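Asks: Can you keep this structure in mind? I'll have questions shortly.
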Amino acid sequence: MFNLSTVSALVLATLLSAHGIRKKSLSPSGALAAFVVGFLMMSGGTRAFGVPLIGFYLAGSRATKYGKARKAKLEDGYQEGGYRSATQVLCNSASALVACVAWNALFAPQSAHAAFAGALVTRILPLRVKTSDLLSLCAISPSLGEGWSRALILAGLGHFACCLGDTLASELGILSKGKPRLITTLKHVPPGTNGAMSIGGTVASIAGGAFVGALTGVTLLVENRSCAVGILGECVSLGALFGGLGSLIDSFLGATVQQTRYSTEKKLVLQDGNKEGTVISGLNFLTNNQINLVSSIACAVMGLLA
């Protein structure tokens, strides 16, 4: 259970958490949560969860800092690095983490995941996996583990494609020159409005999903020679689809069950929970973190069924 793979995962998780603290993209609680999540996803029998996680974190952090001067004028309480808390980290990793633990419990019996969650997972999914199949079949082959290996890895792909797609749509779409439109009414609304969409943001969400798909496909190809080159195109296509759909789901929820308030005095969209200003869209049911959680779960389920 404690091998070179485990050591490398510990080192990477530590470095990424420290990087987040230094760059102010993670709060102390966020860094701790990121360390635990990072270690679990980067250790075990495949890197098909860990590599997309790293890609999501680095690309999302860079996008958050891009155009910081303009964002500071448009967003109430804008923080340059993002300064994500443990709640934000967990909401943006929950469904992929479940898929990762389940995959390793089933297909990597020597992993830490199997040691702690193997009994529960195998009770729910009593599969018989041959060791020879793990070497001769690609991890997303429908033949491996009655299709559960493919389903769980694509669930992770769907999750991270949604999360990165939504992050890029929000962080880059707000910088679009034209006014975005609310997804439910198609009326022009101020930049930063929950549920607003722009052409630039939509393209960014699809590109972000495709990037996650590319990372997943390349990782699988490097890990196992049994994987055909064609899986790269499949992963990129699915990633682009999940990135776009995730952004649509997030926008629809943001426009309907997340309230947006606008300050005419400050001329910017106010943070969640701020009771000042005028309500311009949505009902006060869900927070931004809760919407991210629901959207990522939806895309993970789509990946599970793909």
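The way I read the labels, and the way they are meant: chains A, B, ... in the order of the structure tokens, residue 1 as the first residue of every chain, and ligand 1 as the first ligand shown, with later ones counted on from there.
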Just asking: which residues within segment 8-186 of chain A are strand (DSSP E or B) according to DSSP, as a list in words?
Replies: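 These are the residues in question: Leu26, Glu75, Arg84, Arg181 and Leu182 of chain A.
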Asks: Give me, as a PyMOL selection string, all polymer residues having an atom no more than 10 Å from Lys177 of chain A, counting only C-alpha atoms and skipping those fewer than 5 positions away in the same chain.
Replies: chain A and resi 191+198+200
Asks: Please, which residues of segment 48-253 of chain A, numbered as in this document, come out alpha helix (DSSP H) from DSSP, as a ChimeraX atom specification?
Replies: /A:50-65,68-74,86-91,94-107,112-124,131-136,148-173,199-223,230-253
Asks: Go ahead and compute the interatomic distance for atom CA of Arg22 of chain A and atom CA of Ser61 of chain A, in Å to one decimal.
Replies: 12.3 Å
Asks: Give me the residues near Ser136 of chain A as a list of chain:residue names, where near means some atom within 8 Å (using only C-alpha atoms) and where sequence neighbours in that chain fewer than 3 positions away do not count.
Replies: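 With the cut-off at 8 Å, the set is A:Ser132, A:Asp133, A:Ser226.
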Asks: What gap, in Å, lies between atom CA of Ser251 of chain A and atom CA of Met197 of chain A?
Replies: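 A separation of 7.2 Å between them.
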Asks: Ranking A:Gly243, A:Gly45, A:Pro190, A:Gly60 by minimum distance to Leu270 of chain A and counting only C-alpha atoms, which one comes first?
Replies: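 Smallest distance to Leu270 of chain A is found for A:Pro190.
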Asks: Can you list, as an MDAnalysis selection string, every protein, DNA or RNA residue that comes within 8 Å of Gly195 of chain A when you count only C-alpha atoms, leaving out same-chain residues fewer than 3 positions away?
Replies: chainID A and resid 182:184 250:256
Asks: Create the file for the chosen residues now, containing N, CA and C atoms and written as a PDB file, in the first residue's frame.
Replies:
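This is the output file out09.pdb:
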ATOM      1  N   LEU A 182     -29.178  36.618 -20.069  1.00  0.00           N
ATOM      2  CA  LEU A 182     -29.666  35.657 -19.090  1.00  0.00           C
ATOM      3  C   LEU A 182     -30.232  34.452 -19.828  1.00  0.00           C
ATOM      4  N   ILE A 183     -29.851  33.247 -19.438  1.00  0.00           N
ATOM      5  CA  ILE A 183     -30.204  32.042 -20.185  1.00  0.00           C
ATOM      6  C   ILE A 183     -31.713  31.812 -20.243  1.00  0.00           C
ATOM      7  N   THR A 184     -32.453  32.256 -19.237  1.00  0.00           N
ATOM      8  CA  THR A 184     -33.891  31.996 -19.192  1.00  0.00           C
ATOM      9  C   THR A 184     -34.729  32.991 -19.984  1.00  0.00           C
ATOM     10  N   ASP A 250     -25.249  24.817 -15.069  1.00  0.00           N
ATOM     11  CA  ASP A 250     -24.867  25.800 -14.056  1.00  0.00           C
ATOM     12  C   ASP A 250     -25.567  27.139 -14.292  1.00  0.00           C
ATOM     13  N   SER A 251     -25.619  27.556 -15.557  1.00  0.00           N
ATOM     14  CA  SER A 251     -26.257  28.834 -15.888  1.00  0.00           C
ATOM     15  C   SER A 251     -27.757  28.796 -15.618  1.00  0.00           C
ATOM     16  N   PHE A 252     -28.403  27.690 -15.971  1.00  0.00           N
ATOM     17  CA  PHE A 252     -29.845  27.576 -15.739  1.00  0.00           C
ATOM     18  C   PHE A 252     -30.155  27.622 -14.244  1.00  0.00           C
ATOM     19  N   LEU A 253     -29.387  26.880 -13.462  1.00  0.00           N
ATOM     20  CA  LEU A 253     -29.592  26.895 -12.012  1.00  0.00           C
ATOM     21  C   LEU A 253     -29.297  28.282 -11.442  1.00  0.00           C
ATOM     22  N   GLY A 254     -28.230  28.904 -11.945  1.00  0.00           N
ATOM     23  CA  GLY A 254     -27.867  30.234 -11.466  1.00  0.00           C
ATOM     24  C   GLY A 254     -28.934  31.273 -11.754  1.00  0.00           C
ATOM     25  N   ALA A 255     -29.620  31.111 -12.877  1.00  0.00           N
ATOM     26  CA  ALA A 255     -30.655  32.079 -13.263  1.00  0.00           C
ATOM     27  C   ALA A 255     -31.972  31.858 -12.534  1.00  0.00           C
ATOM     28  N   THR A 256     -32.180  30.648 -11.997  1.00  0.00           N
ATOM     29  CA  THR A 256     -33.485  30.320 -11.418  1.00  0.00           C
ATOM     30  C   THR A 256     -33.480  30.173  -9.896  1.00  0.00           C
TER      31      THR A 256
END
Asks: Near Ala86 of chain A, counting only C-alpha atoms, which residues have an atom at most 10 Å away, once you skip same-chain residues fewer than 2 positions from it, shown as a ChimeraX atom specification?
Replies: /A:26-34,83-84,88-92
Asks: Give me a file of those residues, with N, CA and C atoms, as a JSON list (two decimals), in the first residue's frame.
Replies:
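The result, stored in part24.json:
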[["chain", "number", "residue", "atom", "x", "y", "z"],
["A", 26, "LEU", "N", -5.76, 29.26, -2.57],
["A", 26, "LEU", "CA", -6.37, 28.41, -1.55],
["A", 26, "LEU", "C", -6.22, 29.05, -0.17],
["A", 27, "SER", "N", -7.27, 28.97, 0.63],
["A", 27, "SER", "CA", -7.18, 29.37, 2.02],
["A", 27, "SER", "C", -6.52, 28.22, 2.79],
["A", 28, "PRO", "N", -6.16, 28.40, 4.07],
["A", 28, "PRO", "CA", -5.58, 27.29, 4.83],
["A", 28, "PRO", "C", -6.48, 26.05, 4.85],
["A", 29, "SER", "N", -7.78, 26.24, 5.06],
["A", 29, "SER", "CA", -8.69, 25.09, 5.06],
["A", 29, "SER", "C", -8.80, 24.50, 3.66],
["A", 30, "GLY", "N", -8.77, 25.35, 2.65],
["A", 30, "GLY", "CA", -8.82, 24.88, 1.27],
["A", 30, "GLY", "C", -7.59, 24.08, 0.91],
["A", 31, "ALA", "N", -6.43, 24.51, 1.40],
["A", 31, "ALA", "CA", -5.19, 23.79, 1.13],
["A", 31, "ALA", "C", -5.20, 22.42, 1.78],
["A", 32, "LEU", "N", -5.74, 22.32, 2.99],
["A", 32, "LEU", "CA", -5.83, 21.03, 3.67],
["A", 32, "LEU", "C", -6.75, 20.08, 2.92],
["A", 33, "ALA", "N", -7.91, 20.60, 2.51],
["A", 33, "ALA", "CA", -8.85, 19.77, 1.75],
["A", 33, "ALA", "C", -8.24, 19.37, 0.42],
["A", 34, "ALA", "N", -7.53, 20.29, -0.23],
["A", 34, "ALA", "CA", -6.90, 19.99, -1.52],
["A", 34, "ALA", "C", -5.82, 18.93, -1.37],
["A", 83, "TYR", "N", -8.71, 32.36, -3.55],
["A", 83, "TYR", "CA", -8.72, 32.06, -2.13],
["A", 83, "TYR", "C", -9.84, 31.08, -1.78],
["A", 84, "ARG", "N", -9.81, 29.91, -2.41],
["A", 84, "ARG", "CA", -10.89, 28.93, -2.26],
["A", 84, "ARG", "C", -10.82, 28.23, -0.90],
["A", 88, "GLN", "N", -15.42, 25.06, -0.94],
["A", 88, "GLN", "CA", -15.32, 25.20, -2.40],
["A", 88, "GLN", "C", -14.53, 24.05, -3.02],
["A", 89, "VAL", "N", -13.45, 23.65, -2.37],
["A", 89, "VAL", "CA", -12.64, 22.54, -2.88],
["A", 89, "VAL", "C", -13.46, 21.26, -2.92],
["A", 90, "LEU", "N", -14.20, 20.97, -1.86],
["A", 90, "LEU", "CA", -14.98, 19.74, -1.79],
["A", 90, "LEU", "C", -16.16, 19.76, -2.75],
["A", 91, "CYS", "N", -16.79, 20.92, -2.91],
["A", 91, "CYS", "CA", -17.91, 21.02, -3.86],
["A", 91, "CYS", "C", -17.43, 20.82, -5.30],
["A", 92, "ASN", "N", -16.17, 21.16, -5.56],
["A", 92, "ASN", "CA", -15.62, 21.01, -6.90],
["A", 92, "ASN", "C", -14.85, 19.71, -7.08]]
Asks: Residues near Gly67 of chain A, anyone? I mean within 10 Å using only C-alpha atoms, not counting same-chain ones fewer than 6 positions away, as an NGL selection string.
Replies: :A and (80 or 171-172 or 174-175)
Asks: Taking only C-alpha atoms into account, name the residue in A:Leu10, A:Leu268, A:Leu58, A:Leu304 that is nearest to Thr193 of chain A.
Replies: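 Between A:Leu10, A:Leu268, A:Leu58, A:Leu304, the residue approaching Thr193 of chain A most closely is A:Leu268.
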Asks: Tell me which of A:Lys187, A:Arg47, A:Lys275, A:His159 sits closest to Cys299 of chain A, counting only C-alpha atoms.
Replies: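 Nearest candidate to Cys299 of chain A out of A:Lys187, A:Arg47, A:Lys275, A:His159: A:His159.
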Asks: Write out as an MDAnalysis selection string the residues lying within 10 Å of Phe211 of chain A, counting only C-alpha atoms and excluding same-chain residues fewer than 4 positions away.
Replies: chainID A and resid 52 55:56 59 160:161 164:165 205:207 215:217 235:237 239:240 243
Asks: Would you mind exporting the chosen residues as a PDB file, in the first residue's frame, restricted to C-alpha atoms?
Replies:
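Below is the file that was written, part-v4.pdb:
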ATOM      1  CA  PRO A  52      -7.345  16.089 -14.780  1.00  0.00           C
ATOM      2  CA  GLY A  55      -5.118  20.448 -14.972  1.00  0.00           C
ATOM      3  CA  PHE A  56      -8.363  21.821 -13.536  1.00  0.00           C
ATOM      4  CA  ALA A  59      -6.004  26.224 -15.522  1.00  0.00           C
ATOM      5  CA  PHE A 160     -13.783  17.851 -14.151  1.00  0.00           C
ATOM      6  CA  ALA A 161     -14.955  18.858 -17.634  1.00  0.00           C
ATOM      7  CA  LEU A 164     -13.271  23.572 -15.574  1.00  0.00           C
ATOM      8  CA  GLY A 165     -15.801  24.488 -18.258  1.00  0.00           C
ATOM      9  CA  SER A 205     -16.496  26.149 -21.366  1.00  0.00           C
ATOM     10  CA  ILE A 206     -16.338  23.793 -24.354  1.00  0.00           C
ATOM     11  CA  ALA A 207     -12.584  24.322 -24.698  1.00  0.00           C
ATOM     12  CA  LEU A 215      -5.628  15.062 -20.308  1.00  0.00           C
ATOM     13  CA  THR A 216      -7.691  11.972 -19.500  1.00  0.00           C
ATOM     14  CA  GLY A 217      -7.094  10.370 -22.903  1.00  0.00           C
ATOM     15  CA  CYS A 235     -12.280  11.560 -24.501  1.00  0.00           C
ATOM     16  CA  VAL A 236     -11.831  15.005 -26.070  1.00  0.00           C
ATOM     17  CA  SER A 237     -15.301  14.857 -27.660  1.00  0.00           C
ATOM     18  CA  GLY A 239     -15.027  16.369 -22.471  1.00  0.00           C
ATOM     19  CA  ALA A 240     -16.172  19.142 -24.814  1.00  0.00           C
ATOM     20  CA  GLY A 243     -17.955  21.119 -20.512  1.00  0.00           C
TER      21      GLY A 243
END
Asks: Just checking: using only C-alpha atoms, which residue out of A:Gly38, A:Gly277, A:Gly303, A:Gly209 ends up closest to Glu265 of chain A?
Replies: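 Closest to Glu265 of chain A, using only C-alpha atoms: A:Gly277.
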Asks: Measuring between only C-alpha atoms, which one of A:Thr122, A:Leu12, A:Ser263, A:Ala72 shows the shortest distance to Gly50 of chain A?
Replies: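 That would be A:Leu12, the residue with the smallest distance to Gly50 of chain A.
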Asks: Just give me the gap between atom CA of His113 of chain A and atom CA of Ile291 of chain A in Å, one decimal is fine.
Replies: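 Spanning atom CA of His113 of chain A to atom CA of Ile291 of chain A is a straight-line distance of 27.8 Å.
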